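The next block holds one structure in the form of structure tokens; read it before the comments.
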Amino acid sequence: MSVRALEFYSGIGGLHRALTESTVEGTVVRAFDWDQAACRVYAANYGPGMVQKVDIGSLTPAELASLDAELWLLSPSCQPYTVLNPLAKGAEDPRAKSFIRLMEDVLPELVQMGKQPQRLLVENVAGFETSSTRERLIVTLRTLGYSTLELLITPLQFGIPNSRLRYYLLAKYGPQGFAGIDGQDERVWRHIPGRGSDWVDTRVHSGEEAPDVAVAAVREYLDEDTGAEPHPHAIPEKVLEKWGRLFDIVLPSARRTCCFTRGYTKLVERAGSVLQMNEELDTTKTFDAFLDEQQAGNDDAVRLLRPLRLRYFSPTELLCIFAFLPPATCGVPERAFVWPEDVSTKTKYKLIGNSVNVRVVTELVNYLYE
């Protein structure tokens, strides 16, 4: 019998796609989001009528009970918890209210009605695990009779060259436990129990061995290089002149990129890596020469950066890195992803940056049903 699922804060459907690609026979019967552009993209990919544009804080127990879903997939707003937001207010942030109401008001009523989901998966930014919202969530779920498991997982653990550490909470209703935890249900796991070992960032812990995971090169995720100059996603020279030295620059041969956020192409620092297509030139020496000429008053110093061929990753490349699409070079028939024609490139970046890594969630859904 197919598992019926609800997708909350559905965005462009990453949780939906993960369920589809998992070993679980399941179907998202309804998705909910407030963002109009996200809903349009979702409908273009999964069909009209599947997603409901709604304030999730207004959903009632009766509405959700009528959908008779066994699985809830949730990716609530991360802005109240992200370390990138120095003004983050956690549970006091208005953007946290709908999730708290869903968990503390709606879910208890569904349990009383006997219409509660049997399993939940929650995704959020690393940092959520230290929030008061997380504490309230754990207390609520356990009081209602759920067992819980928390994890911090990055796509690097699955061979994807992207550092995107995310918090995940899994919950099961009733006496069902989690496989392979050996009573360690209070810890925040850094790997899926029974599958490998804790992830270690060797950049921070230089004395420790790197996990035995073969991470793919960035070039496997890139569009075909047509040689067009300037590249359609070239970084504007006025941006390079002012902020170029602050970019996280990676080569096609690299095996790590920084976390891509909704601010990609709008912000410079901590918004995601950019690509240097010319691997023959030394990045540091080239920028040093540029800065020397710039400080000497040469108005055309930026010409020294042109041979680097610096550009942003394209939306399609990010869809591959986020595992909505297979890597361009893997030989797997391409899974379609549809953008409505009037969705701007800026909006595409925002929506992808708000999304989940499909591969990671797929593995967690599989584990949730072990």
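FYI, nothing fancy with the structure tokens labels: chains A, B, ... in order, residues from 1 per chain, ligands from 1 as they appear.
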Item checked: Residue set, segment 66-164 of chain A restricted to strand (DSSP E), as an MDAnalysis selection string -> chainID A and resid 71:74 119:125 146:153
Dump as a PDB file, in the first residue's frame, selection limited to N, CA and C atoms:
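Final file, selection_16.pdb:
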```pdb
ATOM      1  N   LEU A  71       2.864  10.198   6.428  1.00  0.00           N
ATOM      2  CA  LEU A  71       4.198  10.802   6.474  1.00  0.00           C
ATOM      3  C   LEU A  71       4.104  12.308   6.295  1.00  0.00           C
ATOM      4  N   TRP A  72       4.783  13.047   7.176  1.00  0.00           N
ATOM      5  CA  TRP A  72       4.903  14.484   7.017  1.00  0.00           C
ATOM      6  C   TRP A  72       6.358  14.815   6.686  1.00  0.00           C
ATOM      7  N   LEU A  73       6.558  15.617   5.653  1.00  0.00           N
ATOM      8  CA  LEU A  73       7.869  16.109   5.249  1.00  0.00           C
ATOM      9  C   LEU A  73       7.865  17.621   5.424  1.00  0.00           C
ATOM     10  N   LEU A  74       8.791  18.160   6.206  1.00  0.00           N
ATOM     11  CA  LEU A  74       8.738  19.577   6.557  1.00  0.00           C
ATOM     12  C   LEU A  74      10.108  20.232   6.428  1.00  0.00           C
ATOM     13  N   ARG A 119       5.080   8.999  10.757  1.00  0.00           N
ATOM     14  CA  ARG A 119       6.491   9.360  10.623  1.00  0.00           C
ATOM     15  C   ARG A 119       6.601  10.821  10.187  1.00  0.00           C
ATOM     16  N   LEU A 120       7.671  11.474  10.657  1.00  0.00           N
ATOM     17  CA  LEU A 120       7.958  12.850  10.260  1.00  0.00           C
ATOM     18  C   LEU A 120       9.431  12.972   9.906  1.00  0.00           C
ATOM     19  N   LEU A 121       9.721  13.866   8.962  1.00  0.00           N
ATOM     20  CA  LEU A 121      11.088  14.271   8.641  1.00  0.00           C
ATOM     21  C   LEU A 121      11.100  15.786   8.582  1.00  0.00           C
ATOM     22  N   VAL A 122      11.959  16.401   9.401  1.00  0.00           N
ATOM     23  CA  VAL A 122      12.098  17.862   9.457  1.00  0.00           C
ATOM     24  C   VAL A 122      13.510  18.223   9.024  1.00  0.00           C
ATOM     25  N   GLU A 123      13.641  19.191   8.129  1.00  0.00           N
ATOM     26  CA  GLU A 123      14.944  19.691   7.684  1.00  0.00           C
ATOM     27  C   GLU A 123      15.073  21.158   8.052  1.00  0.00           C
ATOM     28  N   ASN A 124      16.267  21.538   8.531  1.00  0.00           N
ATOM     29  CA  ASN A 124      16.518  22.952   8.792  1.00  0.00           C
ATOM     30  C   ASN A 124      18.020  23.201   8.767  1.00  0.00           C
ATOM     31  N   VAL A 125      18.391  24.437   8.990  1.00  0.00           N
ATOM     32  CA  VAL A 125      19.795  24.836   8.934  1.00  0.00           C
ATOM     33  C   VAL A 125      20.535  24.334  10.176  1.00  0.00           C
ATOM     34  N   TYR A 146       6.050   9.974  20.258  1.00  0.00           N
ATOM     35  CA  TYR A 146       6.971   9.752  19.146  1.00  0.00           C
ATOM     36  C   TYR A 146       8.371   9.456  19.681  1.00  0.00           C
ATOM     37  N   SER A 147       9.088   8.566  19.017  1.00  0.00           N
ATOM     38  CA  SER A 147      10.527   8.435  19.227  1.00  0.00           C
ATOM     39  C   SER A 147      11.207   9.327  18.200  1.00  0.00           C
ATOM     40  N   THR A 148      12.350   9.910  18.558  1.00  0.00           N
ATOM     41  CA  THR A 148      12.996  10.889  17.677  1.00  0.00           C
ATOM     42  C   THR A 148      14.469  10.551  17.482  1.00  0.00           C
ATOM     43  N   LEU A 149      15.001  11.016  16.377  1.00  0.00           N
ATOM     44  CA  LEU A 149      16.427  10.900  16.081  1.00  0.00           C
ATOM     45  C   LEU A 149      16.852  12.174  15.380  1.00  0.00           C
ATOM     46  N   GLU A 150      17.987  12.753  15.817  1.00  0.00           N
ATOM     47  CA  GLU A 150      18.483  14.000  15.236  1.00  0.00           C
ATOM     48  C   GLU A 150      19.818  13.753  14.552  1.00  0.00           C
ATOM     49  N   LEU A 151      20.029  14.453  13.435  1.00  0.00           N
ATOM     50  CA  LEU A 151      21.260  14.294  12.670  1.00  0.00           C
ATOM     51  C   LEU A 151      21.730  15.632  12.119  1.00  0.00           C
ATOM     52  N   LEU A 152      23.039  15.755  11.915  1.00  0.00           N
ATOM     53  CA  LEU A 152      23.646  16.832  11.142  1.00  0.00           C
ATOM     54  C   LEU A 152      24.398  16.163   9.997  1.00  0.00           C
ATOM     55  N   ILE A 153      23.953  16.421   8.775  1.00  0.00           N
ATOM     56  CA  ILE A 153      24.455  15.700   7.602  1.00  0.00           C
ATOM     57  C   ILE A 153      24.822  16.700   6.507  1.00  0.00           C
TER      58      ILE A 153
END
```
Margin query: List as a PyMOL selection string the protein and nucleic acid residues near segment 43-55 of chain A, meaning an atom at most 7 Å away when only C-alpha atoms are counted, but skip any in the same chain fewer than 4 places from it.
Written below: chain A and resi 29-34+36+39+337-338+340
Export, as a PDB file, in the first residue's frame, the selected residues with C-alpha atoms.
```pdb
ATOM      1  CA  VAL A  29      -0.974  13.992  -1.810  1.00  0.00           C
ATOM      2  CA  ARG A  30      -0.727  17.708  -0.966  1.00  0.00           C
ATOM      3  CA  ALA A  31       1.996  20.321  -0.622  1.00  0.00           C
ATOM      4  CA  PHE A  32       1.804  23.654   1.180  1.00  0.00           C
ATOM      5  CA  ASP A  33       3.795  26.867   0.716  1.00  0.00           C
ATOM      6  CA  TRP A  34       3.215  30.615   0.905  1.00  0.00           C
ATOM      7  CA  GLN A  36       3.865  32.332  -5.093  1.00  0.00           C
ATOM      8  CA  CYS A  39       4.136  27.287  -5.921  1.00  0.00           C
ATOM      9  CA  PHE A 337      12.910  19.896 -14.187  1.00  0.00           C
ATOM     10  CA  VAL A 338      10.639  22.608 -15.483  1.00  0.00           C
ATOM     11  CA  PRO A 340       7.854  28.437 -15.967  1.00  0.00           C
TER      12      PRO A 340
END
```
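Atom CA of Gln176 of chain A to atom CA of Gln118 of chain A spans 9.7 Å [interatomic distance, one decimal].
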